[in-house]
file final29.tsv (TSV, C-alpha atoms and all ligand atoms)
chain	number	residue	atom	x	y	z
A	1	MET	CA	-24.58	-19.59	-8.97
A	2	ALA	CA	-26.06	-18.38	-12.25
A	3	MET	CA	-25.78	-14.76	-13.23
A	4	ARG	CA	-28.95	-12.73	-12.83
A	5	LYS	CA	-28.93	-10.84	-16.10
A	6	LYS	CA	-26.59	-10.26	-18.99
A	7	ASN	CA	-25.77	-6.62	-19.55
A	8	GLY	CA	-23.15	-7.41	-22.17
A	9	MET	CA	-20.41	-5.19	-20.74
A	10	ARG	CA	-16.84	-6.44	-20.94
A	11	ILE	CA	-14.33	-5.32	-18.34
A	12	GLY	CA	-10.62	-5.75	-17.78
A	13	VAL	CA	-8.86	-5.99	-14.42
A	14	LEU	CA	-5.18	-5.49	-13.66
A	15	THR	CA	-3.01	-5.26	-10.57
A	16	ALA	CA	-0.04	-2.90	-10.78
A	17	GLY	CA	2.77	-1.72	-8.50
A	18	GLY	CA	3.96	-3.61	-5.43
A	19	ASP	CA	1.65	-6.35	-4.25
A	20	CYS	CA	-0.08	-6.44	-0.87
A	21	PRO	CA	-2.53	-8.60	1.06
A	22	GLY	CA	-6.11	-8.16	-0.15
A	23	ILE	CA	-5.56	-7.81	-3.90
A	24	ASN	CA	-7.17	-11.17	-4.65
A	25	ALA	CA	-10.09	-10.26	-2.41
A	26	ALA	CA	-10.52	-7.11	-4.55
A	27	ILE	CA	-10.27	-9.07	-7.83
A	28	ARG	CA	-12.89	-11.44	-6.43
A	29	GLY	CA	-15.09	-8.52	-5.34
A	30	VAL	CA	-14.99	-6.85	-8.75
A	31	GLY	CA	-15.21	-10.08	-10.70
A	32	LYS	CA	-17.99	-11.82	-8.81
A	33	SER	CA	-20.09	-8.69	-8.64
A	34	ALA	CA	-19.49	-7.95	-12.33
A	35	ILE	CA	-20.41	-11.48	-13.41
A	36	LEU	CA	-23.13	-12.38	-10.93
A	37	GLU	CA	-24.81	-9.08	-10.18
A	38	HIS	CA	-24.30	-7.24	-13.45
A	39	GLY	CA	-23.90	-9.98	-16.03
A	40	MET	CA	-20.57	-8.71	-17.39
A	41	ARG	CA	-17.62	-10.62	-18.76
A	42	VAL	CA	-14.31	-10.15	-16.98
A	43	PHE	CA	-10.78	-10.35	-18.39
A	44	GLY	CA	-7.70	-10.39	-16.15
A	45	PHE	CA	-4.44	-8.91	-17.47
A	46	SER	CA	-1.08	-10.35	-16.45
A	47	SER	CA	1.58	-8.35	-14.64
A	48	GLY	CA	-0.05	-4.95	-14.37
A	49	PHE	CA	0.10	-2.64	-17.39
A	50	LEU	CA	2.50	-5.06	-19.11
A	51	GLY	CA	-0.40	-7.41	-19.76
A	52	LEU	CA	-2.31	-4.62	-21.48
A	53	ILE	CA	0.68	-3.63	-23.59
A	54	GLU	CA	1.40	-7.21	-24.60
A	55	SER	CA	-2.23	-8.23	-24.85
A	56	ASP	CA	-1.62	-10.96	-22.27
A	57	TYR	CA	-4.94	-11.77	-20.63
A	58	ARG	CA	-7.40	-14.52	-19.77
A	59	GLU	CA	-11.08	-14.50	-19.12
A	60	LEU	CA	-11.96	-14.86	-15.46
A	61	VAL	CA	-15.07	-16.92	-14.84
A	62	GLU	CA	-16.75	-17.49	-11.51
A	63	ASP	CA	-14.67	-20.57	-10.75
A	64	ASP	CA	-11.44	-18.57	-11.16
A	65	LEU	CA	-12.67	-16.22	-8.46
A	66	SER	CA	-13.53	-18.89	-5.91
A	67	GLY	CA	-11.05	-19.77	-3.19
A	68	ILE	CA	-8.92	-16.65	-3.61
A	69	LEU	CA	-10.37	-14.41	-0.88
A	70	THR	CA	-7.74	-15.37	1.68
A	71	LEU	CA	-4.85	-15.74	-0.74
A	72	GLY	CA	-1.90	-13.31	-0.53
A	73	GLY	CA	-0.27	-11.76	-3.60
A	74	THR	CA	-2.20	-11.43	-6.82
A	75	ILE	CA	-3.44	-14.22	-9.08
A	76	LEU	CA	-2.83	-11.89	-12.04
A	77	GLY	CA	0.78	-11.02	-11.22
A	78	ALA	CA	2.04	-7.47	-10.80
A	79	SER	CA	4.74	-5.23	-12.24
A	80	ARG	CA	5.90	-1.67	-11.88
A	81	GLU	CA	5.53	-1.03	-15.62
A	82	LYS	CA	4.70	2.66	-16.21
A	83	PRO	CA	3.41	2.91	-19.79
A	84	PHE	CA	3.63	6.70	-19.93
A	85	GLU	CA	7.30	6.74	-18.94
A	86	SER	CA	9.87	5.97	-21.61
A	87	SER	CA	12.16	3.98	-19.32
A	88	GLY	CA	9.71	1.17	-18.53
A	89	ILE	CA	10.55	-2.52	-18.37
A	90	THR	CA	9.86	-3.04	-22.07
A	91	GLU	CA	10.48	-0.88	-25.09
A	92	TYR	CA	8.30	-0.95	-28.16
A	93	ILE	CA	8.36	0.72	-31.52
A	94	ARG	CA	4.76	1.77	-31.11
A	95	SER	CA	4.08	3.74	-27.98
A	96	LYS	CA	2.83	1.77	-25.03
A	97	PRO	CA	-0.32	3.88	-24.53
A	98	GLU	CA	-1.21	3.17	-28.18
A	99	GLN	CA	-0.74	-0.55	-27.62
A	100	ILE	CA	-2.87	-0.38	-24.51
A	101	LYS	CA	-5.66	1.33	-26.44
A	102	GLN	CA	-5.33	-1.28	-29.18
A	103	THR	CA	-5.70	-4.15	-26.70
A	104	TYR	CA	-8.67	-2.38	-25.11
A	105	ARG	CA	-10.34	-1.99	-28.53
A	106	ASP	CA	-9.46	-5.52	-29.72
A	107	LEU	CA	-11.03	-7.01	-26.62
A	108	ARG	CA	-14.03	-4.66	-27.00
A	109	LEU	CA	-13.68	-3.58	-23.39
A	110	ASP	CA	-16.13	-1.14	-21.85
A	111	ALA	CA	-14.04	-0.54	-18.76
A	112	LEU	CA	-10.76	-1.28	-17.06
A	113	VAL	CA	-10.27	-1.65	-13.31
A	114	CYS	CA	-6.76	-0.62	-12.23
A	115	ILE	CA	-5.86	-1.95	-8.79
A	116	GLY	CA	-2.80	-0.20	-7.43
A	117	GLY	CA	-1.18	2.58	-5.45
A	118	ASN	CA	-0.23	6.17	-6.26
A	119	GLY	CA	1.70	5.39	-9.43
A	120	THR	CA	-1.14	3.25	-10.73
A	121	MET	CA	-3.72	5.98	-10.07
A	122	LYS	CA	-1.56	8.43	-12.04
A	123	THR	CA	-1.41	6.05	-15.00
A	124	ALA	CA	-5.11	5.24	-14.62
A	125	CYS	CA	-5.94	8.95	-14.80
A	126	LYS	CA	-3.90	9.34	-18.00
A	127	LEU	CA	-5.68	6.36	-19.56
A	128	ALA	CA	-9.02	7.91	-18.59
A	129	ASP	CA	-7.89	11.10	-20.38
A	130	GLU	CA	-7.19	8.93	-23.43
A	131	GLY	CA	-10.85	7.95	-23.42
A	132	LEU	CA	-10.79	4.55	-21.70
A	133	GLY	CA	-13.46	3.69	-19.08
A	134	ILE	CA	-11.24	3.58	-16.03
A	135	ILE	CA	-11.95	2.78	-12.39
A	136	GLY	CA	-9.15	2.84	-9.81
A	137	LEU	CA	-9.00	0.72	-6.65
A	138	PRO	CA	-6.52	1.91	-4.00
A	139	LYS	CA	-4.21	-0.69	-2.50
A	140	THR	CA	-0.87	-0.51	-0.72
A	141	ILE	CA	0.56	-1.39	2.65
A	142	ASP	CA	1.84	2.21	2.80
A	143	ASN	CA	-1.70	3.66	3.10
A	144	ASP	CA	-0.53	6.74	1.22
A	145	VAL	CA	-3.08	6.97	-1.60
A	146	TRP	CA	-4.69	10.38	-1.52
A	147	GLY	CA	-8.49	10.54	-1.39
A	148	THR	CA	-9.20	7.39	0.61
A	149	ASP	CA	-9.18	7.07	4.38
A	150	GLN	CA	-7.50	3.69	4.04
A	151	THR	CA	-6.03	1.43	1.40
A	152	PHE	CA	-6.40	-2.32	1.64
A	153	GLY	CA	-3.17	-4.07	2.54
A	154	PHE	CA	-2.47	-1.55	5.27
A	155	ASP	CA	-4.39	-3.29	8.04
A	156	SER	CA	-2.69	-6.61	7.29
A	157	ALA	CA	0.75	-5.01	7.28
A	158	VAL	CA	0.05	-3.23	10.58
A	159	GLY	CA	-0.88	-6.63	12.05
A	160	ILE	CA	2.26	-8.32	10.74
A	161	ALA	CA	4.55	-5.50	11.91
A	162	ALA	CA	2.85	-5.28	15.31
A	163	GLU	CA	3.28	-9.00	15.84
A	164	ALA	CA	6.95	-8.70	14.93
A	165	ILE	CA	7.36	-5.85	17.42
A	166	ASP	CA	5.70	-8.00	20.12
A	167	ARG	CA	8.26	-10.71	19.46
A	168	ILE	CA	11.11	-8.21	19.47
A	169	HIS	CA	9.96	-7.07	22.92
A	170	THR	CA	10.67	-10.39	24.60
A	171	THR	CA	14.14	-10.81	23.16
A	172	ALA	CA	14.92	-7.12	23.86
A	173	ASN	CA	13.98	-7.71	27.48
A	174	SER	CA	16.11	-10.87	27.79
A	175	HIS	CA	19.23	-9.12	26.50
A	176	ARG	CA	18.53	-5.61	27.76
A	177	ARG	CA	19.10	-4.21	24.31
A	178	ILE	CA	17.94	-1.35	22.19
A	179	MET	CA	15.98	-2.90	19.33
A	180	VAL	CA	15.28	-1.01	16.13
A	181	VAL	CA	12.54	-2.32	13.85
A	182	GLU	CA	12.51	-0.90	10.33
A	183	VAL	CA	9.16	-1.07	8.57
A	184	MET	CA	8.23	-0.17	4.99
A	185	GLY	CA	7.12	3.28	3.91
A	186	HIS	CA	9.37	5.29	1.63
A	187	HIS	CA	7.44	8.53	1.84
A	188	ALA	CA	4.68	8.01	4.38
A	189	GLY	CA	4.98	6.90	7.99
A	190	TRP	CA	1.49	5.40	8.40
A	191	LEU	CA	2.75	1.86	8.85
A	192	ALA	CA	5.46	2.89	11.32
A	193	LEU	CA	3.01	5.03	13.28
A	194	TYR	CA	0.22	2.45	13.51
A	195	SER	CA	2.40	-0.61	14.08
A	196	GLY	CA	4.57	1.38	16.48
A	197	VAL	CA	1.60	2.40	18.58
A	198	ALA	CA	0.04	-1.07	18.35
A	199	GLY	CA	3.33	-2.70	19.36
A	200	GLY	CA	4.05	-0.24	22.15
A	201	GLY	CA	7.21	1.19	20.56
A	202	ASP	CA	9.06	3.66	22.80
A	203	MET	CA	10.21	5.77	19.88
A	204	ILE	CA	8.69	6.06	16.39
A	205	LEU	CA	10.55	7.78	13.57
A	206	ILE	CA	8.54	8.69	10.46
A	207	PRO	CA	9.54	10.64	7.33
A	208	GLU	CA	7.01	13.38	8.07
A	209	ILE	CA	8.64	14.36	11.39
A	210	LYS	CA	12.22	15.57	11.17
A	211	TYR	CA	14.21	13.90	13.91
A	212	ASN	CA	17.09	15.44	15.80
A	213	GLU	CA	19.98	13.12	16.68
A	214	GLU	CA	20.60	14.92	19.97
A	215	VAL	CA	16.97	14.36	20.96
A	216	ILE	CA	17.28	10.64	20.21
A	217	GLU	CA	20.46	10.45	22.29
A	218	GLU	CA	18.97	12.37	25.20
A	219	TYR	CA	15.78	10.29	25.18
A	220	LEU	CA	17.72	7.04	25.22
A	221	LYS	CA	20.05	8.22	27.97
A	222	ARG	CA	17.03	9.31	30.03
A	223	ARG	CA	15.47	5.85	29.67
A	224	THR	CA	18.74	4.18	30.65
A	225	ALA	CA	19.09	6.48	33.67
A	226	ALA	CA	15.51	5.67	34.68
A	227	GLY	CA	16.45	1.98	34.73
A	228	LYS	CA	14.35	0.93	31.72
A	229	PRO	CA	15.71	-2.48	30.74
A	230	TYR	CA	15.28	-2.04	26.99
A	231	THR	CA	14.02	0.29	24.29
A	232	ILE	CA	12.09	-0.44	21.10
A	233	ILE	CA	12.45	2.02	18.22
A	234	ILE	CA	10.24	1.78	15.13
A	235	VAL	CA	11.75	3.40	12.04
A	236	ALA	CA	10.07	3.95	8.68
A	237	GLU	CA	12.44	2.99	5.85
A	238	GLY	CA	11.99	6.43	4.30
A	239	VAL	CA	13.35	8.36	7.26
A	240	LYS	CA	16.18	10.55	5.99
A	241	ILE	CA	19.66	9.48	7.03
A	242	PRO	CA	23.00	11.13	6.15
A	243	LYS	CA	24.47	8.23	4.20
A	244	LEU	CA	22.42	6.42	1.61
A	245	LYS	CA	24.60	3.32	1.96
A	246	SER	CA	23.04	2.21	5.21
A	247	SER	CA	19.37	1.46	5.87
A	248	ALA	CA	17.50	3.83	8.16
A	249	GLY	CA	17.15	1.03	10.72
A	250	ARG	CA	20.86	0.30	10.80
A	251	TYR	CA	21.73	3.97	11.01
A	252	VAL	CA	19.46	4.52	14.02
A	253	ALA	CA	20.72	1.35	15.74
A	254	ARG	CA	24.33	2.54	15.42
A	255	LEU	CA	23.40	5.97	16.67
A	256	ALA	CA	21.60	4.45	19.67
A	257	ALA	CA	24.52	2.16	20.56
A	258	LYS	CA	26.99	5.04	20.37
A	259	ALA	CA	24.83	7.31	22.49
A	260	THR	CA	24.20	4.84	25.31
A	261	GLY	CA	27.03	2.33	25.22
A	262	LEU	CA	24.32	-0.35	25.16
A	263	GLU	CA	23.95	-3.08	22.60
A	264	ALA	CA	21.60	-2.21	19.76
A	265	ARG	CA	20.26	-4.43	17.00
A	266	GLU	CA	18.17	-3.70	13.95
A	267	THR	CA	15.52	-5.88	12.31
A	268	ILE	CA	14.36	-5.00	8.81
A	269	LEU	CA	10.93	-6.54	8.28
A	270	GLY	CA	11.00	-6.12	4.49
A	271	TYR	CA	8.68	-8.08	2.23
A	272	ILE	CA	7.22	-10.14	5.06
A	273	GLN	CA	4.98	-7.09	5.51
A	274	ARG	CA	3.56	-7.50	2.02
A	275	GLY	CA	3.11	-11.25	1.90
A	276	GLY	CA	0.55	-13.72	3.09
A	277	SER	CA	-3.14	-13.75	3.82
A	278	PRO	CA	-5.05	-10.47	4.24
A	279	SER	CA	-6.54	-9.53	7.60
A	280	PRO	CA	-10.33	-9.79	7.95
A	281	MET	CA	-10.63	-5.97	7.76
A	282	ASP	CA	-8.63	-5.90	4.51
A	283	ARG	CA	-10.78	-8.68	3.06
A	284	ILE	CA	-13.86	-6.63	3.89
A	285	LEU	CA	-12.47	-3.35	2.53
A	286	ALA	CA	-11.22	-4.98	-0.68
A	287	THR	CA	-14.56	-6.73	-1.19
A	288	ARG	CA	-16.51	-3.49	-0.66
A	289	LEU	CA	-14.25	-1.51	-3.00
A	290	GLY	CA	-14.28	-4.25	-5.63
A	291	ALA	CA	-18.05	-4.69	-5.68
A	292	TYR	CA	-18.48	-0.91	-5.78
A	293	ALA	CA	-16.16	-0.71	-8.80
A	294	ALA	CA	-18.48	-3.09	-10.69
A	295	GLU	CA	-21.44	-0.92	-9.71
A	296	LEU	CA	-19.71	2.23	-10.97
A	297	ILE	CA	-19.00	0.48	-14.27
A	298	SER	CA	-22.61	-0.66	-14.61
A	299	LYS	CA	-23.61	3.02	-14.27
A	300	LYS	CA	-20.85	4.06	-16.70
A	301	GLN	CA	-19.34	6.34	-14.06
A	302	PHE	CA	-15.74	6.28	-15.26
A	303	GLY	CA	-12.60	8.18	-14.40
A	304	GLN	CA	-13.20	7.50	-10.70
A	305	MET	CA	-11.39	5.84	-7.82
A	306	ALA	CA	-13.44	3.88	-5.29
A	307	ALA	CA	-12.53	5.20	-1.85
A	308	LEU	CA	-13.30	4.72	1.83
A	309	LYS	CA	-14.66	7.96	3.31
A	310	ASN	CA	-15.90	8.11	6.89
A	311	GLY	CA	-16.94	4.47	6.80
A	312	SER	CA	-18.71	4.64	3.41
A	313	ILE	CA	-17.46	3.65	0.00
A	314	GLU	CA	-17.60	6.56	-2.43
A	315	ALA	CA	-16.26	7.60	-5.82
A	316	ILE	CA	-13.62	10.28	-6.12
A	317	PRO	CA	-12.45	11.60	-9.52
A	318	LEU	CA	-9.05	10.17	-10.50
A	319	LYS	CA	-8.10	13.70	-11.53
A	320	GLU	CA	-8.26	14.72	-7.87
A	321	VAL	CA	-6.14	11.76	-6.78
A	322	ALA	CA	-3.45	11.58	-9.47
A	323	GLY	CA	-0.06	12.99	-8.59
A	324	LYS	CA	-0.83	13.42	-4.90
A	325	ILE	CA	0.30	11.48	-1.86
A	326	LYS	CA	-1.36	11.14	1.53
A	327	LEU	CA	1.28	11.73	4.19
A	328	VAL	CA	0.78	11.55	7.96
A	329	PRO	CA	-0.24	15.03	9.16
A	330	VAL	CA	2.22	16.02	11.89
A	331	ASP	CA	-0.76	17.06	14.02
A	332	HIS	CA	-2.47	13.67	13.59
A	333	SER	CA	-4.42	12.80	16.74
A	334	LEU	CA	-2.65	9.44	17.09
A	335	ILE	CA	0.69	11.23	17.28
A	336	ALA	CA	-0.67	13.52	19.99
A	337	ARG	CA	-2.07	10.57	21.97
A	338	ALA	CA	1.16	8.62	21.59
A	339	ARG	CA	3.16	11.62	22.79
A	340	SER	CA	0.88	11.84	25.82
A	341	ILE	CA	1.98	8.35	26.88
A	342	ASP	CA	5.67	9.27	26.41
A	343	THR	CA	6.17	7.79	22.96
A	344	ASN	CA	8.95	9.81	21.40
A	345	PHE	CA	9.07	10.92	17.75
A	346	GLY	CA	12.69	12.03	17.71
A	347	ASP	CA	11.88	15.73	17.44
A	348	LYS	CA	11.60	16.71	21.10
A	349	VAL	CA	12.27	15.01	24.42
B	401	LIG	O1	4.15	-1.13	-1.96
B	401	LIG	C1	4.84	-0.08	-1.38
B	401	LIG	C2	6.17	-0.56	-0.91
B	401	LIG	O2	5.90	-1.65	-0.11
B	401	LIG	C3	7.06	0.42	-0.18
B	401	LIG	O3	6.80	0.59	1.17
B	401	LIG	C4	8.41	-0.18	-0.44
B	401	LIG	O4	9.45	0.68	-0.23
B	401	LIG	C5	8.28	-0.57	-1.86
B	401	LIG	O5	6.94	-0.98	-2.01
B	401	LIG	C6	9.26	-1.60	-2.31
B	401	LIG	O6	8.72	-2.41	-3.30
B	401	LIG	P1	9.51	-3.07	-4.53
B	401	LIG	O7	10.83	-3.53	-4.01
B	401	LIG	O8	8.61	-4.17	-4.95
B	401	LIG	O9	9.65	-2.01	-5.56

call {"tool": "encode", "arguments": {"input": "final29.tsv", "output": "structure tokens", "more": "lines below"}}
Ligand code: F6P
result
Amino acid sequence: MAMRKKNGMRIGVLTAGGDCPGINAAIRGVGKSAILEHGMRVFGFSSGFLGLIESDYRELVEDDLSGILTLGGTILGASREKPFESSGITEYIRSKPEQIKQTYRDLRLDALVCIGGNGTMKTACKLADEGLGIIGLPKTIDNDVWGTDQTFGFDSAVGIAAEAIDRIHTTANSHRRIMVVEVMGHHAGWLALYSGVAGGGDMILIPEIKYNEEVIEEYLKRRTAAGKPYTIIIVAEGVKIPKLKSSAGRYVARLAAKATGLEARETILGYIQRGGSPSPMDRILATRLGAYAAELISKKQFGQMAALKNGSIEAIPLKEVAGKIKLVPVDHSLIARARSIDTNFGDKV
């Protein structure tokens, strides 16, 4: 398809932080819309902010953006490079922000789309303060970016974790065991809450709700006494445990075995949750956010993050987003509904 008009703008795209399903759909959304709708040229940077520092990029033409909608990971590569922190992956004589600005100038960029999570939005905001034309796109399986109702990657991860919990159910039933499933989420329990509810977990432990070991023990004993053949516990990796040496999942499994005398096993889902093809809903969200980013650039509305708000895609100033995190409110309606069907959150029986 030929581009409609040539507006002469040149934009960069990078993907920073941990990867997740839907990033390529977002790159495609930004890129195709930028090229085809707005007549821009698009340059993709390798490995997050590292590519900007090292001036490692390639032009993305329409062909590069075809066939990537359903692809997991990121065609650009990602890194956790934080250019405003001195202890990044690489050290340079010149400061990294200066090198970034140099690359931006050398390439005669008008804008830079930063696809990432909380850390990326913080860096993006600082680069906007330095005078670059920045647009942020929120992605992460953790769903903890402030200012958007949902990040892409989350829906896919919920699906993967829920399917795993379904599978755990059948083996738990066969062996009459307590099964603990640890899902990702260092600070926020969105993934544990949603996958736990979707998978019918009996107990869900999230960082936002302080659990009480006695409550866990009493709940498990009550289930055993009631003749329940097995119990499924979903634990967010960021749930606080006394010893850092063990994972949260292992700690809870040991606690459960000790309390009941039953066998308990833990399964840590790990990076499986971040890999593979995005769900249809993530493909749609990433496409909407990406195309909207190109529109914001065409209107020169910089220093913004594209966000999902009550079903619409809107812009929110990066200044409002940077440095914040969206945790699960303890009075979230899903928690209340789950409690009403006897799902336990480890805080009260
Ligand atoms: O992307 C967010 C996240 O998936 C967290 O839930 C997880 O703890 C973290 O990334 C781990 O990522 P990495 O090992 O790549 O730093």

call {"tool": "residues_near_ligand", "arguments": {"input": "final29.tsv", "ligand": "ligand LIG 401 (chain B)", "cutoff": "7 Å", "atoms": "all atoms listed in the file", "output": "ChimeraX atom specification"}}
result
/A:17-20,140-142,184-186,274

call {"tool": "atom_distance", "arguments": {"input": "final29.tsv", "atom1": "CA of Ala336 (chain A)", "atom2": "CA of Glu182 (chain A)"}}
result
21.8 Å

call {"tool": "atom_distance", "arguments": {"input": "final29.tsv", "atom1": "CA of Trp190 (chain A)", "atom2": "CA of Lys82 (chain A)"}}
result
25.0 Å

call {"tool": "residues_around", "arguments": {"input": "final29.tsv", "residues": "Ala157 (chain A)", "least_positions_apart": "2", "cutoff": "10 Å", "atoms": "only C-alpha atoms", "output": "list in words"}}
result
Cys20, Pro21, Thr140, Ile141, Asp142, Asn143, Phe152, Gly153, Phe154, Asp155, Gly159, Ile160, Ala161, Ala162, Glu163, Val183, Met184, Leu191, Tyr194, Ser195, Tyr271, Ile272, Gln273, Arg274, Gly275, Gly276, Pro278, Ser279 and Asp282 of chain A

call {"tool": "residues_around", "arguments": {"input": "final29.tsv", "residues": "Ile234 (chain A)", "least_positions_apart": "6", "cutoff": "10 Å", "atoms": "all atoms listed in the file", "output": "mmCIF file with C-alpha atoms, in the coordinates of the input"}}
result
data_model
loop_
_atom_site.group_PDB
_atom_site.id
_atom_site.type_symbol
_atom_site.label_atom_id
_atom_site.label_comp_id
_atom_site.auth_asym_id
_atom_site.auth_seq_id
_atom_site.Cartn_x
_atom_site.Cartn_y
_atom_site.Cartn_z
ATOM 1 C CA ALA A 161 4.550 -5.500 11.910
ATOM 2 C CA ILE A 165 7.360 -5.850 17.420
ATOM 3 C CA MET A 179 15.980 -2.900 19.330
ATOM 4 C CA VAL A 180 15.280 -1.010 16.130
ATOM 5 C CA VAL A 181 12.540 -2.320 13.850
ATOM 6 C CA GLU A 182 12.510 -0.900 10.330
ATOM 7 C CA VAL A 183 9.160 -1.070 8.570
ATOM 8 C CA LEU A 191 2.750 1.860 8.850
ATOM 9 C CA ALA A 192 5.460 2.890 11.320
ATOM 10 C CA LEU A 193 3.010 5.030 13.280
ATOM 11 C CA SER A 195 2.400 -0.610 14.080
ATOM 12 C CA GLY A 196 4.570 1.380 16.480
ATOM 13 C CA VAL A 197 1.600 2.400 18.580
ATOM 14 C CA GLY A 199 3.330 -2.700 19.360
ATOM 15 C CA GLY A 200 4.050 -0.240 22.150
ATOM 16 C CA GLY A 201 7.210 1.190 20.560
ATOM 17 C CA ASP A 202 9.060 3.660 22.800
ATOM 18 C CA MET A 203 10.210 5.770 19.880
ATOM 19 C CA ILE A 204 8.690 6.060 16.390
ATOM 20 C CA LEU A 205 10.550 7.780 13.570
ATOM 21 C CA ILE A 206 8.540 8.690 10.460
ATOM 22 C CA GLY A 249 17.150 1.030 10.720
ATOM 23 C CA VAL A 252 19.460 4.520 14.020
ATOM 24 C CA GLU A 266 18.170 -3.700 13.950
ATOM 25 C CA THR A 267 15.520 -5.880 12.310
ATOM 26 C CA PHE A 345 9.070 10.920 17.750
#

call {"tool": "residues_around", "arguments": {"input": "final29.tsv", "residues": "Gly22 (chain A)", "least_positions_apart": "3", "cutoff": "9 Å", "atoms": "only C-alpha atoms", "output": "ChimeraX atom specification"}}
result
/A:19,25-27,69-74,139,152-153,156,277-279,282-287

call {"tool": "atom_distance", "arguments": {"input": "final29.tsv", "atom1": "CA of His38 (chain A)", "atom2": "CA of Pro97 (chain A)"}}
result
28.7 Å

call {"tool": "residues_around", "arguments": {"input": "final29.tsv", "residues": "Gln99 (chain A)", "least_positions_apart": "6", "cutoff": "8 Å", "atoms": "only C-alpha atoms", "output": "number ranges by chain"}}
result
A: 52-54

call {"tool": "closest_residue", "arguments": {"input": "final29.tsv", "among": "A:Ile216, A:Val13, A:Ile178, A:Ile232", "to": "Asp166 (chain A)", "atoms": "only C-alpha atoms"}}
result
A:Ile232

call {"tool": "closest_residue", "arguments": {"input": "final29.tsv", "among": "A:Gly189, A:Gly67, A:Gly261, A:Gly131", "to": "Thr224 (chain A)", "atoms": "all atoms listed in the file"}}
result
A:Gly261

call {"tool": "closest_residue", "arguments": {"input": "final29.tsv", "among": "A:Ile313, A:Ala78, A:Leu318, A:Val349", "to": "Ile134 (chain A)", "atoms": "only C-alpha atoms"}}
result
A:Leu318

call {"tool": "residues_around", "arguments": {"input": "final29.tsv", "residues": "Arg108 (chain A)", "least_positions_apart": "3", "cutoff": "7 Å", "atoms": "only C-alpha atoms", "output": "PDB file with C-alpha atoms, in the frame of the given file"}}
result
ATOM      1  CA  ARG A  10     -16.840  -6.440 -20.940  1.00  0.00           C
ATOM      2  CA  TYR A 104      -8.670  -2.380 -25.110  1.00  0.00           C
ATOM      3  CA  ARG A 105     -10.340  -1.990 -28.530  1.00  0.00           C
TER       4      ARG A 105
END

call {"tool": "closest_residue", "arguments": {"input": "final29.tsv", "among": "A:Ser174, A:Thr120, A:Thr343, A:Asn24", "to": "Leu76 (chain A)", "atoms": "only C-alpha atoms"}}
result
A:Asn24

call {"tool": "closest_residue", "arguments": {"input": "final29.tsv", "among": "A:Gly290, A:Asn212, A:Ala315, A:Ser298", "to": "Gly8 (chain A)", "atoms": "only C-alpha atoms"}}
result
A:Ser298

call {"tool": "residues_near_point", "arguments": {"input": "final29.tsv", "point": "(-1.1, 5.2, -8.5)", "cutoff": "8 Å", "atoms": "only C-alpha atoms", "output": "mmCIF file with C-alpha atoms, keeping the file's coordinate frame"}}
result
data_model
loop_
_atom_site.group_PDB
_atom_site.id
_atom_site.type_symbol
_atom_site.label_atom_id
_atom_site.label_comp_id
_atom_site.auth_asym_id
_atom_site.auth_seq_id
_atom_site.Cartn_x
_atom_site.Cartn_y
_atom_site.Cartn_z
ATOM 1 C CA GLY A 17 2.770 -1.720 -8.500
ATOM 2 C CA GLY A 116 -2.800 -0.200 -7.430
ATOM 3 C CA GLY A 117 -1.180 2.580 -5.450
ATOM 4 C CA ASN A 118 -0.230 6.170 -6.260
ATOM 5 C CA GLY A 119 1.700 5.390 -9.430
ATOM 6 C CA THR A 120 -1.140 3.250 -10.730
ATOM 7 C CA MET A 121 -3.720 5.980 -10.070
ATOM 8 C CA LYS A 122 -1.560 8.430 -12.040
ATOM 9 C CA THR A 123 -1.410 6.050 -15.000
ATOM 10 C CA ALA A 124 -5.110 5.240 -14.620
ATOM 11 C CA PRO A 138 -6.520 1.910 -4.000
ATOM 12 C CA VAL A 145 -3.080 6.970 -1.600
ATOM 13 C CA ALA A 322 -3.450 11.580 -9.470
ATOM 14 C CA GLY A 323 -0.060 12.990 -8.590
#
